[in-house]
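Shown here: model-v7.cif, mmCIF, N, CA and C atoms and all ligand atoms.
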```
data_work
loop_
_atom_site.label_atom_id
_atom_site.label_comp_id
_atom_site.auth_asym_id
_atom_site.auth_seq_id
_atom_site.Cartn_x
_atom_site.Cartn_y
_atom_site.Cartn_z
N MET A 1 139.03 119.37 106.27
CA MET A 1 139.23 119.01 107.68
C MET A 1 138.20 117.96 108.11
N CYS A 2 138.62 116.97 108.87
CA CYS A 2 137.69 115.89 109.23
C CYS A 2 136.74 116.35 110.33
N ILE A 3 135.67 115.59 110.53
CA ILE A 3 134.63 116.01 111.48
C ILE A 3 135.17 116.08 112.91
N PHE A 4 136.08 115.19 113.28
CA PHE A 4 136.62 115.25 114.64
C PHE A 4 137.55 116.45 114.81
N CYS A 5 138.31 116.80 113.78
CA CYS A 5 139.13 118.01 113.85
C CYS A 5 138.24 119.24 114.02
N LYS A 6 137.09 119.26 113.35
CA LYS A 6 136.16 120.38 113.50
C LYS A 6 135.59 120.45 114.92
N ILE A 7 135.31 119.29 115.50
CA ILE A 7 134.83 119.27 116.89
C ILE A 7 135.92 119.76 117.83
N ILE A 8 137.15 119.28 117.63
CA ILE A 8 138.28 119.69 118.47
C ILE A 8 138.51 121.20 118.36
N ASN A 9 138.32 121.74 117.16
CA ASN A 9 138.46 123.20 116.92
C ASN A 9 137.24 124.00 117.36
N LYS A 10 136.26 123.30 117.92
CA LYS A 10 135.02 123.94 118.43
C LYS A 10 134.17 124.54 117.32
N GLU A 11 134.33 124.03 116.10
CA GLU A 11 133.48 124.47 115.00
C GLU A 11 132.14 123.73 115.01
N ILE A 12 132.14 122.57 115.65
CA ILE A 12 130.92 121.77 115.80
C ILE A 12 130.78 121.49 117.30
N PRO A 13 129.58 121.72 117.86
CA PRO A 13 129.42 121.48 119.30
C PRO A 13 129.46 119.99 119.64
N ALA A 14 129.90 119.70 120.86
CA ALA A 14 129.97 118.31 121.31
C ALA A 14 129.88 118.29 122.83
N SER A 15 129.60 117.12 123.37
CA SER A 15 129.57 116.93 124.82
C SER A 15 130.97 116.56 125.28
N ILE A 16 131.77 117.60 125.54
CA ILE A 16 133.19 117.39 125.87
C ILE A 16 133.31 116.88 127.31
N LEU A 17 134.15 115.85 127.48
CA LEU A 17 134.38 115.29 128.81
C LEU A 17 135.75 115.66 129.35
N TYR A 18 136.72 115.83 128.46
CA TYR A 18 138.10 116.05 128.89
C TYR A 18 138.87 116.71 127.75
N GLU A 19 139.81 117.57 128.13
CA GLU A 19 140.64 118.21 127.12
C GLU A 19 141.94 118.65 127.78
N ASP A 20 143.06 118.33 127.15
CA ASP A 20 144.33 118.93 127.54
C ASP A 20 145.05 119.33 126.25
N GLU A 21 146.34 119.59 126.32
CA GLU A 21 146.98 120.11 125.10
C GLU A 21 147.08 119.07 123.97
N ASP A 22 147.03 117.78 124.33
CA ASP A 22 147.21 116.73 123.32
C ASP A 22 145.98 115.84 123.10
N VAL A 23 145.13 115.74 124.12
CA VAL A 23 144.07 114.73 124.11
C VAL A 23 142.71 115.39 124.29
N PHE A 24 141.71 114.79 123.64
CA PHE A 24 140.34 115.32 123.65
C PHE A 24 139.39 114.15 123.84
N ALA A 25 138.37 114.33 124.68
CA ALA A 25 137.40 113.24 124.89
C ALA A 25 136.00 113.82 124.94
N LEU A 26 135.06 113.07 124.39
CA LEU A 26 133.67 113.52 124.31
C LEU A 26 132.75 112.33 124.39
N LEU A 27 131.47 112.62 124.62
CA LEU A 27 130.47 111.57 124.54
C LEU A 27 130.16 111.31 123.07
N ASP A 28 130.15 110.05 122.67
CA ASP A 28 129.76 109.69 121.30
C ASP A 28 128.30 110.11 121.10
N ILE A 29 128.01 110.75 119.98
CA ILE A 29 126.63 111.19 119.72
C ILE A 29 125.71 109.98 119.56
N ALA A 30 126.24 108.87 119.11
CA ALA A 30 125.49 107.61 119.02
C ALA A 30 125.86 106.75 120.23
N GLN A 31 125.09 106.85 121.29
CA GLN A 31 125.41 106.15 122.54
C GLN A 31 125.04 104.68 122.44
N VAL A 32 126.04 103.81 122.35
CA VAL A 32 125.76 102.37 122.39
C VAL A 32 125.19 102.01 123.76
N THR A 33 125.82 102.51 124.80
CA THR A 33 125.27 102.43 126.16
C THR A 33 125.52 103.80 126.80
N ASP A 34 124.86 104.07 127.91
CA ASP A 34 124.99 105.39 128.55
C ASP A 34 126.43 105.64 128.98
N GLY A 35 126.99 106.72 128.46
CA GLY A 35 128.37 107.08 128.81
C GLY A 35 129.38 106.70 127.75
N HIS A 36 128.94 106.14 126.65
CA HIS A 36 129.83 105.77 125.54
C HIS A 36 130.65 107.00 125.15
N ALA A 37 131.96 106.89 125.30
CA ALA A 37 132.85 108.03 125.11
C ALA A 37 133.92 107.72 124.07
N LEU A 38 134.45 108.79 123.49
CA LEU A 38 135.55 108.68 122.53
C LEU A 38 136.73 109.48 123.05
N VAL A 39 137.91 108.90 122.95
CA VAL A 39 139.14 109.60 123.35
C VAL A 39 140.04 109.64 122.12
N MET A 40 140.55 110.83 121.82
CA MET A 40 141.31 110.99 120.57
C MET A 40 142.44 111.99 120.73
N PRO A 41 143.44 111.92 119.85
CA PRO A 41 144.47 112.95 119.85
C PRO A 41 143.91 114.22 119.21
N LYS A 42 144.39 115.38 119.67
CA LYS A 42 143.98 116.62 119.02
C LYS A 42 144.60 116.73 117.63
N GLU A 43 145.82 116.23 117.53
CA GLU A 43 146.50 116.20 116.23
C GLU A 43 145.82 115.14 115.37
N HIS A 44 145.60 115.45 114.10
CA HIS A 44 144.98 114.47 113.23
C HIS A 44 145.95 113.35 112.88
N VAL A 45 145.65 112.16 113.35
CA VAL A 45 146.32 110.95 112.85
C VAL A 45 145.20 110.00 112.44
N ASP A 46 145.43 109.24 111.41
CA ASP A 46 144.33 108.43 110.85
C ASP A 46 143.83 107.37 111.83
N ASN A 47 144.72 106.65 112.45
CA ASN A 47 144.31 105.60 113.38
C ASN A 47 145.51 105.14 114.20
N ILE A 48 145.30 104.12 115.00
CA ILE A 48 146.35 103.66 115.91
C ILE A 48 147.62 103.25 115.15
N LEU A 49 147.46 102.85 113.90
CA LEU A 49 148.61 102.37 113.13
C LEU A 49 149.60 103.49 112.83
N ASP A 50 149.14 104.73 112.81
CA ASP A 50 150.09 105.82 112.54
C ASP A 50 150.19 106.83 113.69
N CYS A 51 149.77 106.41 114.87
CA CYS A 51 149.85 107.30 116.04
C CYS A 51 151.23 107.17 116.69
N PRO A 52 151.93 108.29 116.89
CA PRO A 52 153.23 108.21 117.57
C PRO A 52 153.07 107.60 118.97
N PRO A 53 153.97 106.72 119.39
CA PRO A 53 153.82 106.01 120.66
C PRO A 53 153.67 106.92 121.89
N VAL A 54 154.37 108.03 121.93
CA VAL A 54 154.25 108.92 123.10
C VAL A 54 152.83 109.50 123.18
N LEU A 55 152.29 109.88 122.04
CA LEU A 55 150.92 110.39 122.00
C LEU A 55 149.93 109.28 122.36
N LEU A 56 150.18 108.10 121.86
CA LEU A 56 149.32 106.95 122.17
C LEU A 56 149.27 106.69 123.67
N SER A 57 150.40 106.80 124.33
CA SER A 57 150.41 106.55 125.78
C SER A 57 149.57 107.59 126.52
N LYS A 58 149.55 108.82 126.04
CA LYS A 58 148.70 109.85 126.66
C LYS A 58 147.23 109.53 126.45
N ILE A 59 146.91 109.05 125.26
CA ILE A 59 145.52 108.69 124.96
C ILE A 59 145.07 107.52 125.83
N ILE A 60 145.94 106.55 126.00
CA ILE A 60 145.60 105.39 126.83
C ILE A 60 145.42 105.81 128.29
N SER A 61 146.26 106.73 128.76
CA SER A 61 146.13 107.20 130.14
C SER A 61 144.79 107.88 130.37
N VAL A 62 144.38 108.74 129.43
CA VAL A 62 143.08 109.41 129.55
C VAL A 62 141.96 108.38 129.43
N THR A 63 142.12 107.41 128.56
CA THR A 63 141.12 106.36 128.41
C THR A 63 140.92 105.61 129.73
N GLN A 64 142.01 105.30 130.41
CA GLN A 64 141.89 104.62 131.70
C GLN A 64 141.19 105.51 132.74
N MET A 65 141.59 106.78 132.79
CA MET A 65 141.00 107.70 133.77
C MET A 65 139.49 107.82 133.56
N LEU A 66 139.08 108.01 132.30
CA LEU A 66 137.65 108.14 132.02
C LEU A 66 136.90 106.83 132.25
N SER A 67 137.56 105.72 131.96
CA SER A 67 136.94 104.41 132.21
C SER A 67 136.65 104.25 133.70
N LYS A 68 137.60 104.65 134.52
CA LYS A 68 137.40 104.56 135.98
C LYS A 68 136.25 105.47 136.42
N ASP A 69 136.18 106.68 135.85
CA ASP A 69 135.08 107.59 136.18
C ASP A 69 133.74 107.00 135.77
N ILE A 70 133.72 106.39 134.60
CA ILE A 70 132.46 105.81 134.10
C ILE A 70 131.98 104.70 135.02
N VAL A 71 132.90 103.89 135.48
CA VAL A 71 132.52 102.81 136.41
C VAL A 71 132.07 103.40 137.75
N SER A 72 132.84 104.33 138.28
CA SER A 72 132.52 104.82 139.64
C SER A 72 131.34 105.79 139.65
N LYS A 73 131.21 106.63 138.62
CA LYS A 73 130.18 107.67 138.66
C LYS A 73 128.87 107.28 137.96
N LEU A 74 128.97 106.47 136.91
CA LEU A 74 127.75 106.05 136.19
C LEU A 74 127.25 104.69 136.65
N GLY A 75 128.04 104.01 137.45
CA GLY A 75 127.62 102.71 137.95
C GLY A 75 127.73 101.59 136.94
N ALA A 76 128.57 101.77 135.91
CA ALA A 76 128.78 100.67 134.96
C ALA A 76 129.46 99.52 135.70
N LYS A 77 129.18 98.31 135.22
CA LYS A 77 129.77 97.12 135.85
C LYS A 77 131.11 96.77 135.20
N GLY A 78 131.38 97.41 134.05
CA GLY A 78 132.63 97.17 133.34
C GLY A 78 132.69 98.07 132.13
N VAL A 79 133.75 97.97 131.35
CA VAL A 79 133.88 98.74 130.11
C VAL A 79 134.54 97.87 129.05
N ASN A 80 134.19 98.11 127.80
CA ASN A 80 134.98 97.63 126.68
C ASN A 80 135.70 98.82 126.11
N VAL A 81 136.99 98.66 125.88
CA VAL A 81 137.80 99.70 125.27
C VAL A 81 138.27 99.14 123.94
N LEU A 82 137.97 99.86 122.86
CA LEU A 82 138.38 99.34 121.57
C LEU A 82 138.62 100.46 120.58
N THR A 83 139.39 100.15 119.57
CA THR A 83 139.61 101.09 118.49
C THR A 83 139.55 100.33 117.18
N ASN A 84 139.03 100.97 116.16
CA ASN A 84 138.95 100.38 114.82
C ASN A 84 139.99 101.06 113.94
N ALA A 85 140.77 100.30 113.24
CA ALA A 85 141.79 100.87 112.35
C ALA A 85 141.50 100.45 110.92
N ASN A 86 141.11 101.41 110.13
CA ASN A 86 140.80 101.25 108.70
C ASN A 86 139.38 100.70 108.50
N PRO A 87 138.82 100.96 107.35
CA PRO A 87 137.44 100.53 107.09
C PRO A 87 137.22 99.03 107.23
N ALA A 88 138.21 98.22 106.93
CA ALA A 88 138.04 96.77 107.08
C ALA A 88 137.73 96.38 108.52
N ALA A 89 138.16 97.22 109.45
CA ALA A 89 137.90 96.96 110.87
C ALA A 89 136.73 97.79 111.40
N GLY A 90 136.03 98.47 110.50
CA GLY A 90 134.86 99.23 110.91
C GLY A 90 135.12 100.68 111.26
N GLN A 91 136.29 101.20 110.92
CA GLN A 91 136.57 102.63 111.20
C GLN A 91 135.77 103.49 110.24
N SER A 92 134.91 104.36 110.78
CA SER A 92 134.06 105.20 109.92
C SER A 92 134.57 106.64 109.85
N VAL A 93 135.19 107.14 110.90
CA VAL A 93 135.82 108.46 110.87
C VAL A 93 137.32 108.24 110.94
N MET A 94 138.02 108.74 109.92
CA MET A 94 139.46 108.45 109.81
C MET A 94 140.29 109.44 110.63
N HIS A 95 139.93 109.56 111.90
CA HIS A 95 140.72 110.31 112.89
C HIS A 95 140.75 109.38 114.10
N PHE A 96 141.95 108.97 114.48
CA PHE A 96 142.11 107.97 115.53
C PHE A 96 141.24 108.27 116.75
N HIS A 97 140.50 107.28 117.22
CA HIS A 97 139.73 107.42 118.45
C HIS A 97 139.57 106.07 119.14
N MET A 98 139.65 106.13 120.44
CA MET A 98 139.37 104.97 121.28
C MET A 98 137.91 105.07 121.71
N HIS A 99 137.19 103.97 121.67
CA HIS A 99 135.84 103.92 122.22
C HIS A 99 135.93 103.40 123.65
N ILE A 100 135.24 104.07 124.56
CA ILE A 100 134.99 103.49 125.89
C ILE A 100 133.51 103.18 125.93
N ILE A 101 133.18 101.92 126.01
CA ILE A 101 131.77 101.51 126.01
C ILE A 101 131.46 100.93 127.38
N PRO A 102 130.72 101.70 128.18
CA PRO A 102 130.35 101.20 129.50
C PRO A 102 129.45 99.98 129.37
N ARG A 103 129.63 99.03 130.25
CA ARG A 103 128.80 97.83 130.22
C ARG A 103 128.03 97.71 131.53
N TYR A 104 126.73 97.58 131.39
CA TYR A 104 125.85 97.50 132.55
C TYR A 104 125.41 96.06 132.80
N HIS A 105 125.35 95.28 131.75
CA HIS A 105 125.13 93.84 131.85
C HIS A 105 125.53 93.21 130.52
N GLU A 106 125.58 91.90 130.48
CA GLU A 106 126.10 91.20 129.30
C GLU A 106 125.22 91.34 128.06
N HIS A 107 123.97 91.74 128.23
CA HIS A 107 123.05 91.80 127.10
C HIS A 107 122.60 93.22 126.80
N ASP A 108 123.48 94.20 127.07
CA ASP A 108 123.13 95.59 126.73
C ASP A 108 123.49 95.87 125.26
N GLY A 109 123.82 97.11 124.92
CA GLY A 109 123.90 97.51 123.52
C GLY A 109 125.03 96.96 122.68
N LEU A 110 126.06 96.40 123.30
CA LEU A 110 127.21 95.95 122.52
C LEU A 110 127.21 94.44 122.36
N ILE A 111 127.27 93.98 121.13
CA ILE A 111 127.41 92.55 120.86
C ILE A 111 128.81 92.35 120.30
N LEU A 112 129.63 91.67 121.06
CA LEU A 112 131.02 91.46 120.66
C LEU A 112 131.24 89.96 120.67
N LYS A 113 131.43 89.39 119.49
CA LYS A 113 131.53 87.93 119.43
C LYS A 113 132.76 87.55 118.63
N PHE A 114 133.61 86.74 119.20
CA PHE A 114 134.77 86.23 118.49
C PHE A 114 134.37 84.92 117.81
N LYS A 115 134.52 84.89 116.50
CA LYS A 115 134.21 83.67 115.77
C LYS A 115 135.54 82.98 115.46
N GLU A 116 135.73 81.84 116.05
CA GLU A 116 137.02 81.16 115.90
C GLU A 116 137.23 80.60 114.51
N ASN A 117 138.46 80.77 114.01
CA ASN A 117 138.88 80.10 112.80
C ASN A 117 139.05 78.61 113.13
N PRO A 118 138.35 77.73 112.41
CA PRO A 118 138.44 76.30 112.76
C PRO A 118 139.81 75.69 112.45
N THR A 119 140.56 76.31 111.54
CA THR A 119 141.88 75.77 111.19
C THR A 119 142.96 76.84 111.33
N PRO A 120 143.24 77.26 112.55
CA PRO A 120 144.24 78.31 112.72
C PRO A 120 145.64 77.82 112.37
N GLU A 121 146.40 78.70 111.74
CA GLU A 121 147.77 78.35 111.35
C GLU A 121 148.74 79.11 112.26
N LEU A 122 148.72 78.71 113.52
CA LEU A 122 149.48 79.45 114.53
C LEU A 122 150.97 79.48 114.23
N LYS A 123 151.54 78.35 113.88
CA LYS A 123 152.99 78.28 113.66
C LYS A 123 153.41 79.18 112.50
N LYS A 124 152.66 79.10 111.40
CA LYS A 124 152.96 79.92 110.22
C LYS A 124 152.88 81.41 110.55
N ILE A 125 151.83 81.79 111.25
CA ILE A 125 151.63 83.21 111.59
C ILE A 125 152.71 83.67 112.58
N GLN A 126 152.98 82.82 113.55
CA GLN A 126 154.03 83.16 114.53
C GLN A 126 155.37 83.36 113.83
N ASP A 127 155.69 82.49 112.89
CA ASP A 127 156.96 82.60 112.16
C ASP A 127 157.05 83.93 111.40
N ILE A 128 155.94 84.34 110.78
CA ILE A 128 155.93 85.61 110.04
C ILE A 128 156.12 86.78 110.97
N LEU A 129 155.39 86.75 112.10
CA LEU A 129 155.41 87.90 113.02
C LEU A 129 156.72 88.01 113.80
N LYS A 130 157.39 86.90 114.00
CA LYS A 130 158.62 86.94 114.80
C LYS A 130 159.85 87.27 113.97
N LYS A 131 159.69 87.35 112.65
CA LYS A 131 160.85 87.68 111.78
C LYS A 131 161.32 89.10 112.01
ZN ZN B 1 140.89 114.91 112.14
#
```
Since I need it in another form, could you write the structure as structure tokens?
Amino acid sequence: MCIFCKIINKEIPASILYEDEDVFALLDIAQVTDGHALVMPKEHVDNILDCPPVLLSKIISVTQMLSKDIVSKLGAKGVNVLTNANPAAGQSVMHFHMHIIPRYHEHDGLILKFKENPTPELKKIQDILKK
């Protein structure tokens, strides 16, 4: 059983923020910024790529609700919401989870930088994706 399934089953203690029959949310033990939270399905799915759409919509709804709470109650100026799918994208626990990372200013704990491809092949990629 994966570590998040153990937390959901209450075999490992956690700072739980929200729970219903399908969705579970907690504070990440490694706080990038104060209030860094994880939202996940109770059912084990590896990542967003294999999450059933109806379940995904519930996760997104809880993610929005907690994001609003983080802004209004913790005084964050914004949030980054992201998920990593597979190790190539930095996924370390193979149980789907959304990160809510509160942002207090542009130079706090999260460094998110898009490095542009100097020779993008937009037409080729578009053709593949639109097939
Ligand atoms: Zn799991």
Using only C-alpha atoms and all ligand atoms, what table do you get, as a tab-separated table, when you list each residue of chain A with an atom no more than 8 Å from ligand ZN 1 (chain B), its nearest pair of atoms, and their distance in Å rounded to one decimal, rows by chain then rising number?
```
residue	atom	partner	partner_atom	distance
A:Met1	CA	B:ZN1	ZN	6.3
A:Cys2	CA	B:ZN1	ZN	4.4
A:Ile3	CA	B:ZN1	ZN	6.4
A:Phe4	CA	B:ZN1	ZN	5.0
A:Cys5	CA	B:ZN1	ZN	4.0
A:Lys6	CA	B:ZN1	ZN	7.4
A:Lys42	CA	B:ZN1	ZN	7.7
A:Glu43	CA	B:ZN1	ZN	7.1
A:His44	CA	B:ZN1	ZN	4.3
A:Val45	CA	B:ZN1	ZN	6.8
A:Asp46	CA	B:ZN1	ZN	7.4
A:Met94	CA	B:ZN1	ZN	7.0
A:His95	CA	B:ZN1	ZN	4.7
A:Phe96	CA	B:ZN1	ZN	7.8
```
Quick one, how far is CA of Val93 (chain A) from atom C of Val39 (chain A)?
->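 If I compute the distance from CA of Val93 (chain A) to atom C of Val39 (chain A), I get 12.1 Å.
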Please build the interface table for region 9-61 of chain A against region 103-122 of chain A with a cut-off of 10 Å, listing for each qualifying residue the nearest atom pair and the distance in Å to one decimal; count only C-alpha atoms, order rows by chain and increasing number, and write it as a tab-separated table.
```
residue	atom	partner	partner_atom	distance
A:Gln31	CA	A:Gly109	CA	8.8
A:Val32	CA	A:Gly109	CA	5.3
A:Thr33	CA	A:Gly109	CA	5.7
A:Asp34	CA	A:Arg103	CA	8.6
A:Gly35	CA	A:Arg103	CA	9.4
A:His36	CA	A:Arg103	CA	9.3
```
For Ala25 (chain A): contacts at 8 Å, all atoms listed in the file, fewer than 2 positions along chain excluded, given as a list in words |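 The residues that qualify are Ala14, Ser15, Ile16, Leu17, Tyr18, Glu19, Asp20, Asp22, Val23, Leu27, Asp28, Ala37, Leu38, Val39, Met40, Pro41 and Lys42 of chain A.
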Any idea what the distance is between atom C of Ala30 (chain A) and atom N of Leu55 (chain A)?
->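 It comes out at 26.7 Å.
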Taking the backbone alone, and naming residues the way the document does, which bits of chain A are alpha helix (DSSP H) by DSSP, as a PyMOL selection string?
-> chain A and resi 3-8+53-74+122-130
Atom pair CA of Asn9 (chain A) / CA of Leu26 (chain A): separation (Å) | 13.1 Å
What's the 6 Å shell around region 80-92 of chain A, counting only C-alpha atoms, without same-chain residues fewer than 4 positions away, as number ranges by chain?
-> A: 47, 98-101
Using only N, CA and C atoms, please write the residues we just selected to a file, as a PDB file, in the frame of the given file.
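Wrote selection-v9.pdb, looks like this:
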```pdb
ATOM      1  N   ASN A  47     144.720 106.650 112.450  1.00  0.00           N
ATOM      2  CA  ASN A  47     144.310 105.600 113.380  1.00  0.00           C
ATOM      3  C   ASN A  47     145.510 105.140 114.200  1.00  0.00           C
ATOM      4  N   MET A  98     139.650 106.130 120.440  1.00  0.00           N
ATOM      5  CA  MET A  98     139.370 104.970 121.280  1.00  0.00           C
ATOM      6  C   MET A  98     137.910 105.070 121.710  1.00  0.00           C
ATOM      7  N   HIS A  99     137.190 103.970 121.670  1.00  0.00           N
ATOM      8  CA  HIS A  99     135.840 103.920 122.220  1.00  0.00           C
ATOM      9  C   HIS A  99     135.930 103.400 123.650  1.00  0.00           C
ATOM     10  N   ILE A 100     135.240 104.070 124.560  1.00  0.00           N
ATOM     11  CA  ILE A 100     134.990 103.490 125.890  1.00  0.00           C
ATOM     12  C   ILE A 100     133.510 103.180 125.930  1.00  0.00           C
ATOM     13  N   ILE A 101     133.180 101.920 126.010  1.00  0.00           N
ATOM     14  CA  ILE A 101     131.770 101.510 126.010  1.00  0.00           C
ATOM     15  C   ILE A 101     131.460 100.930 127.380  1.00  0.00           C
TER      16      ILE A 101
END
```
As a ChimeraX atom specification, which residues of region 6-92 of chain A does DSSP assign to strand (DSSP E or B)?
-> /A:16-19,23-27,37-41,78-82
For Val79 (chain A), the nearest of the candidates A:Glu11, A:Ser67, A:Ile48, A:Lys123, counting only N, CA and C atoms |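 Using only N, CA and C atoms, the shortest distance to Val79 (chain A) belongs to A:Ser67.
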